[in-house]
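Engineer: My questions all concern the structure below.
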Amino acid sequence: MSDTWSVAGRTFTSRLIVGTGKYKSFEQNAAAVAASGAEIVTVAVRRVNVSDPGQPLLTDFIDPKKITYLPNTAGCFTAADAVRTLRLAREAGGWDLVKLEVLGEAKTLYPDMRETLKATETLVAEGFRPMVYCVDDPIAARQLEEAGAVAIMPLGAPIGSGLGIQNRVTIRLIVEGAGVPVLVDAGVGTASDAAVAMELGCDGVLMNTAIAEAKDPVTMARAMKLAVESGRLAYLAGRMGQRRYADPSSPLAGLI
Amino acid sequence: MDQTVSIRVNGAHRRVPAGISVAELARELGLEPARVAVERNLEIVPRSTLAAVAVEDGDAYEIVTFVGGG
């Protein structure tokens, strides 16, 4: 059975997008990406090290011709900084599919939705195809889609927290209301969290720390691959209804 | 007569030979122009024009590449 998903005209089989930060080495990172089966990886845009230009690069280990690089705006706190970063990313990579995140504060890394919406509008006007990190708010999600976001990526919990999906209701509402792919981005801690996101009907899951900070990242990458596939299958299969077997509202009348 | 110009690269002051192109600047820094993106005075310099754009005194450059991130 072919079960693919598409974003901005590109079609993918894997529903798991993985980050490339926090790994011990490029080798470990590349092995984890391979084990995850991911076809898209997120990358950051940073100044080259002018004092030591001979250092190995991520592209030496993860081939951008085989794996789609999704440049992000991590660390940007204003729409202007995020747009500036992605203009550079488009020049560095040569493609327009990008991940937008505009953060509101360092403590929670919660998105600043006012700036995020502003940046989305600017990027779309400049021909970018932004996948947008956002709060788990169905109204905000709709506004982003109206502004031209090609994917809605609500947080499950704060970035790097590993707390899992905190509000299944809002994630489900976003999925139900969206006309573009919805991917949970941030907050996944372990395999069951990824499965929950997929069982809610999300098109995919994006994660970094859950794999990179596992004791064995390569094994966790495989666990996430299987969890995303399991959750997707469970969603497609249609789960049984939940019943309150022990519900205490049975009639008391007629008792002998 | 001074044969160099004063510029900023990634926030740091630097003197480079007068009259070089942005592509030559990248190579002077040990960088492969095809692997980086360059912003000059807040404007992107398209990769196809790196060899054609001249470095001028007072320019501010940001030169970036992809690194690991989430």
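Residue numbering restarts at 1 in every chain; chains get A, B, ... in the order shown in the structure tokens, and ligands count up from 1 in that same order.
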Could you list, with a cut-off of 8 Å and counting only C-alpha atoms, the residues of chain B near chain A, each shown with its nearest atom pair and the distance in Å rounded to one decimal, rows sorted by chain and ascending number, as JSON lines?

Structural biologist:
```
{"residue": "B:Asn10", "atom": "CA", "partner": "A:Arg47", "partner_atom": "CA", "distance": 6.5}
{"residue": "B:Leu29", "atom": "CA", "partner": "A:Val50", "partner_atom": "CA", "distance": 6.3}
{"residue": "B:Gly30", "atom": "CA", "partner": "A:Pro53", "partner_atom": "CA", "distance": 5.7}
{"residue": "B:Leu31", "atom": "CA", "partner": "A:Pro53", "partner_atom": "CA", "distance": 6.2}
{"residue": "B:Arg35", "atom": "CA", "partner": "A:Ala92", "partner_atom": "CA", "distance": 6.8}
{"residue": "B:Val36", "atom": "CA", "partner": "A:Ala92", "partner_atom": "CA", "distance": 5.5}
{"residue": "B:Ala37", "atom": "CA", "partner": "A:Ala92", "partner_atom": "CA", "distance": 4.6}
{"residue": "B:Val38", "atom": "CA", "partner": "A:Leu88", "partner_atom": "CA", "distance": 7.0}
{"residue": "B:Glu39", "atom": "CA", "partner": "A:Leu88", "partner_atom": "CA", "distance": 7.0}
{"residue": "B:Ile44", "atom": "CA", "partner": "A:Leu88", "partner_atom": "CA", "distance": 6.7}
{"residue": "B:Pro46", "atom": "CA", "partner": "A:Glu91", "partner_atom": "CA", "distance": 6.6}
{"residue": "B:Arg47", "atom": "CA", "partner": "A:Glu91", "partner_atom": "CA", "distance": 7.0}
{"residue": "B:Glu62", "atom": "CA", "partner": "A:Arg47", "partner_atom": "CA", "distance": 6.9}
{"residue": "B:Ile63", "atom": "CA", "partner": "A:Arg47", "partner_atom": "CA", "distance": 5.6}
{"residue": "B:Val64", "atom": "CA", "partner": "A:Arg47", "partner_atom": "CA", "distance": 4.1}
{"residue": "B:Thr65", "atom": "CA", "partner": "A:Val45", "partner_atom": "CA", "distance": 5.7}
{"residue": "B:Phe66", "atom": "CA", "partner": "A:Val45", "partner_atom": "CA", "distance": 4.8}
{"residue": "B:Val67", "atom": "CA", "partner": "A:Ala44", "partner_atom": "CA", "distance": 5.2}
{"residue": "B:Gly68", "atom": "CA", "partner": "A:Thr20", "partner_atom": "CA", "distance": 4.4}
{"residue": "B:Gly69", "atom": "CA", "partner": "A:Gly21", "partner_atom": "CA", "distance": 3.9}
{"residue": "B:Gly70", "atom": "CA", "partner": "A:Gly19", "partner_atom": "CA", "distance": 4.1}
```

Engineer: Would you write out those residues with all heavy atoms, as a compact mmCIF listing (two decimals), in the first residue's frame?

Structural biologist:
```txt
# COMPACT_ATOMS: atom_id res chain seq x y z
N ASN B 10 31.33 38.79 8.90
CA ASN B 10 30.72 38.11 10.05
C ASN B 10 31.02 38.84 11.36
O ASN B 10 31.37 38.24 12.37
CB ASN B 10 31.18 36.65 10.12
CG ASN B 10 30.59 35.83 8.99
OD1 ASN B 10 29.72 36.30 8.26
ND2 ASN B 10 31.03 34.60 8.85
N LEU B 29 39.38 33.82 2.23
CA LEU B 29 39.03 33.36 3.59
C LEU B 29 39.12 31.84 3.71
O LEU B 29 38.80 31.28 4.76
CB LEU B 29 37.60 33.81 3.93
CG LEU B 29 37.37 35.32 3.98
CD1 LEU B 29 35.88 35.63 4.06
CD2 LEU B 29 38.09 35.92 5.18
N GLY B 30 39.49 31.18 2.62
CA GLY B 30 39.60 29.72 2.65
C GLY B 30 38.28 29.02 2.39
O GLY B 30 38.12 27.85 2.71
N LEU B 31 37.32 29.74 1.82
CA LEU B 31 35.98 29.17 1.63
C LEU B 31 35.74 28.86 0.16
O LEU B 31 36.21 29.59 -0.72
CB LEU B 31 34.92 30.16 2.11
CG LEU B 31 35.06 30.63 3.55
CD1 LEU B 31 34.13 31.81 3.81
CD2 LEU B 31 34.75 29.49 4.51
N ARG B 35 29.82 26.75 -1.69
CA ARG B 35 29.28 26.10 -0.49
C ARG B 35 28.80 27.10 0.55
O ARG B 35 28.47 26.73 1.66
CB ARG B 35 30.33 25.18 0.13
CG ARG B 35 30.81 24.13 -0.87
CD ARG B 35 31.82 23.22 -0.24
NE ARG B 35 31.18 22.26 0.63
CZ ARG B 35 31.80 21.19 1.13
NH1 ARG B 35 33.06 21.00 0.88
NH2 ARG B 35 31.17 20.34 1.90
N VAL B 36 28.80 28.36 0.22
CA VAL B 36 28.36 29.37 1.19
C VAL B 36 27.33 30.29 0.55
O VAL B 36 27.13 30.28 -0.67
CB VAL B 36 29.56 30.20 1.69
CG1 VAL B 36 30.57 29.33 2.41
CG2 VAL B 36 30.23 30.96 0.55
N ALA B 37 26.66 31.06 1.39
CA ALA B 37 25.78 32.13 0.90
C ALA B 37 26.31 33.44 1.46
O ALA B 37 26.80 33.50 2.58
CB ALA B 37 24.35 31.89 1.35
N VAL B 38 26.21 34.48 0.65
CA VAL B 38 26.82 35.76 1.02
C VAL B 38 25.78 36.87 1.01
O VAL B 38 25.00 37.01 0.07
CB VAL B 38 27.95 36.12 0.03
CG1 VAL B 38 28.59 37.47 0.42
CG2 VAL B 38 29.01 35.03 -0.02
N GLU B 39 25.78 37.62 2.10
CA GLU B 39 24.97 38.83 2.19
C GLU B 39 25.93 40.00 2.25
O GLU B 39 26.88 40.00 3.04
CB GLU B 39 24.11 38.78 3.46
CG GLU B 39 23.18 39.95 3.64
CD GLU B 39 22.66 40.03 5.07
OE1 GLU B 39 23.39 40.54 5.94
OE2 GLU B 39 21.55 39.57 5.32
N ILE B 44 21.36 40.04 -0.45
CA ILE B 44 21.93 38.77 -0.91
C ILE B 44 22.75 39.02 -2.18
O ILE B 44 22.32 39.75 -3.07
CB ILE B 44 20.80 37.77 -1.23
CG1 ILE B 44 20.00 37.44 0.03
CG2 ILE B 44 21.36 36.50 -1.88
CD1 ILE B 44 20.72 36.63 1.04
N PRO B 46 23.68 36.96 -5.22
CA PRO B 46 23.42 35.66 -5.84
C PRO B 46 24.74 34.95 -6.18
O PRO B 46 25.70 35.60 -6.59
CB PRO B 46 22.63 36.02 -7.10
CG PRO B 46 22.04 37.35 -6.82
CD PRO B 46 23.03 38.06 -5.94
N ARG B 47 24.72 33.63 -5.99
CA ARG B 47 25.96 32.87 -6.20
C ARG B 47 26.50 33.09 -7.61
O ARG B 47 27.70 33.13 -7.82
CB ARG B 47 25.67 31.39 -5.94
CG ARG B 47 26.89 30.58 -5.72
CD ARG B 47 26.54 29.18 -5.28
NE ARG B 47 26.33 29.09 -3.84
CZ ARG B 47 25.70 28.09 -3.25
NH1 ARG B 47 25.21 27.11 -3.97
NH2 ARG B 47 25.56 28.08 -1.94
N GLU B 62 27.96 39.09 5.54
CA GLU B 62 27.64 37.89 6.32
C GLU B 62 27.84 36.72 5.39
O GLU B 62 27.28 36.69 4.29
CB GLU B 62 26.19 37.92 6.83
CG GLU B 62 25.92 38.95 7.91
CD GLU B 62 26.56 38.62 9.25
OE1 GLU B 62 26.89 37.45 9.50
OE2 GLU B 62 26.74 39.56 10.05
N ILE B 63 28.64 35.76 5.82
CA ILE B 63 28.90 34.57 5.01
C ILE B 63 28.47 33.37 5.84
O ILE B 63 28.98 33.16 6.95
CB ILE B 63 30.38 34.47 4.60
CG1 ILE B 63 30.81 35.77 3.90
CG2 ILE B 63 30.58 33.26 3.69
CD1 ILE B 63 32.25 35.77 3.43
N VAL B 64 27.49 32.62 5.34
CA VAL B 64 26.88 31.56 6.14
C VAL B 64 26.89 30.24 5.39
O VAL B 64 27.11 30.18 4.18
CB VAL B 64 25.42 31.91 6.51
CG1 VAL B 64 25.33 33.25 7.23
CG2 VAL B 64 24.53 31.89 5.28
N THR B 65 26.65 29.20 6.15
CA THR B 65 26.50 27.87 5.59
C THR B 65 25.53 27.09 6.47
O THR B 65 25.05 27.60 7.48
CB THR B 65 27.87 27.17 5.49
OG1 THR B 65 27.75 25.98 4.72
CG2 THR B 65 28.40 26.81 6.88
N PHE B 66 25.21 25.86 6.07
CA PHE B 66 24.30 25.03 6.86
C PHE B 66 25.07 24.29 7.95
O PHE B 66 26.13 23.73 7.71
CB PHE B 66 23.61 23.99 5.98
CG PHE B 66 22.62 24.60 5.01
CD1 PHE B 66 22.62 24.23 3.67
CD2 PHE B 66 21.69 25.53 5.43
CE1 PHE B 66 21.72 24.77 2.78
CE2 PHE B 66 20.79 26.09 4.54
CZ PHE B 66 20.80 25.70 3.22
N VAL B 67 24.51 24.32 9.15
CA VAL B 67 25.07 23.54 10.25
C VAL B 67 23.93 22.72 10.86
O VAL B 67 22.76 22.92 10.55
CB VAL B 67 25.70 24.45 11.33
CG1 VAL B 67 26.79 25.34 10.72
CG2 VAL B 67 24.65 25.31 12.02
N GLY B 68 24.31 21.79 11.75
CA GLY B 68 23.30 20.98 12.40
C GLY B 68 22.32 21.82 13.20
O GLY B 68 22.72 22.79 13.86
N GLY B 69 21.04 21.48 13.12
CA GLY B 69 20.03 22.23 13.88
C GLY B 69 18.70 21.49 13.87
O GLY B 69 18.51 20.57 13.08
N GLY B 70 17.80 21.93 14.75
CA GLY B 70 16.52 21.22 14.90
C GLY B 70 15.40 21.93 14.21
O GLY B 70 15.49 23.04 13.77
```

Engineer: To test your reading of the structure, identify every residue in segment 18-97 of chain A that backbone DSSP assigns to strand (DSSP E), and report it as a list in words.

Structural biologist: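 So, restricting segment 18-97 of chain A to strand (DSSP E), we get Val18, Ile40, Val41, Thr42, Val43, Ala44, Val45, Arg46, Arg47, Thr68, Tyr69, Leu70, Pro71 and Leu97 of chain A.
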
Engineer: Rounded to one decimal place, report the atom CA of Arg239 of chain A-atom CA of Met224 of chain A distance in Å.

Structural biologist: 20.6 Å

Engineer: Just how far from atom CA of Ala31 of chain A is atom CA of Val218 of chain A, in Å to one decimal?

Structural biologist: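 Atom CA of Ala31 of chain A lies at a distance of 6.3 Å from atom CA of Val218 of chain A.
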
Engineer: Write down as a ChimeraX atom specification the residues belonging to chain B that are assigned helix (DSSP H, G or I) by DSSP computed on the backbone.

Structural biologist: /B:22-28,33-35,47-49

Engineer: Could you check how far atom CA of Asp193 of chain A sits from atom CA of Glu146 of chain A, in Å to one decimal?

Structural biologist: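 So the two atoms, atom CA of Asp193 of chain A and atom CA of Glu146 of chain A, lie 28.7 Å apart.
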
Engineer: Could you pull the residues within 8 Å of Glu56 of chain B, counting only C-alpha atoms, minus those fewer than 6 positions along the same chain, as a PDB file with N, CA, C and O atoms, in the first residue's frame?

Structural biologist:
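Produced file out_34.pdb, reproduced below:
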```
ATOM      1  N   VAL B   5      41.362  47.549   1.323  1.00  0.00           N
ATOM      2  CA  VAL B   5      40.127  48.195   1.757  1.00  0.00           C
ATOM      3  C   VAL B   5      39.709  47.580   3.086  1.00  0.00           C
ATOM      4  O   VAL B   5      40.084  46.454   3.421  1.00  0.00           O
ATOM      5  N   ILE B   7      36.824  46.202   5.504  1.00  0.00           N
ATOM      6  CA  ILE B   7      35.468  45.644   5.460  1.00  0.00           C
ATOM      7  C   ILE B   7      35.181  44.910   6.771  1.00  0.00           C
ATOM      8  O   ILE B   7      36.071  44.752   7.612  1.00  0.00           O
ATOM      9  N   ALA B  18      42.491  45.715  -2.400  1.00  0.00           N
ATOM     10  CA  ALA B  18      41.519  46.508  -3.151  1.00  0.00           C
ATOM     11  C   ALA B  18      41.231  45.843  -4.494  1.00  0.00           C
ATOM     12  O   ALA B  18      42.107  45.219  -5.087  1.00  0.00           O
ATOM     13  N   GLY B  19      39.989  45.951  -4.932  1.00  0.00           N
ATOM     14  CA  GLY B  19      39.633  45.521  -6.283  1.00  0.00           C
ATOM     15  C   GLY B  19      39.265  44.062  -6.433  1.00  0.00           C
ATOM     16  O   GLY B  19      38.967  43.616  -7.537  1.00  0.00           O
TER      17      GLY B  19
END
```

Engineer: Which one is closest to Gly127 of chain A: A:Val98, A:Ile139, A:Ala227, A:Leu103? Count only C-alpha atoms.

Structural biologist: A:Val98

Engineer: I'd like the contact shell of segment 171-178 of chain A - 9 Å cut-off, only C-alpha atoms, skipping same-chain residues fewer than 6 positions apart - returned as a ChimeraX atom specification.

Structural biologist: /A:136-139,141-142,145,151-152,154-156,165,184,197,200-203

Engineer: I'd like to know which of A:Asp3, A:Asp81, A:Glu27, A:Glu39 is closest to Thr68 of chain A, using only C-alpha atoms.

Structural biologist: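 That would be A:Glu39, the residue with the smallest distance to Thr68 of chain A.
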
Engineer: Might you pull out every residue within 7 Å of Ser161 of chain A, with only C-alpha atoms counted and same-chain residues fewer than 3 positions away left off, and present them as a list in words?

Structural biologist: Ala157, Pro158 and Gly187 of chain A

Engineer: Residues within 10 Å of Gly58 of chain B, please, as an MDAnalysis selection string. Count only C-alpha atoms; anything in the same chain fewer than 2 positions from it doesn't count.

Structural biologist: chainID B and resid 5:8 13 41 55:56 60:61
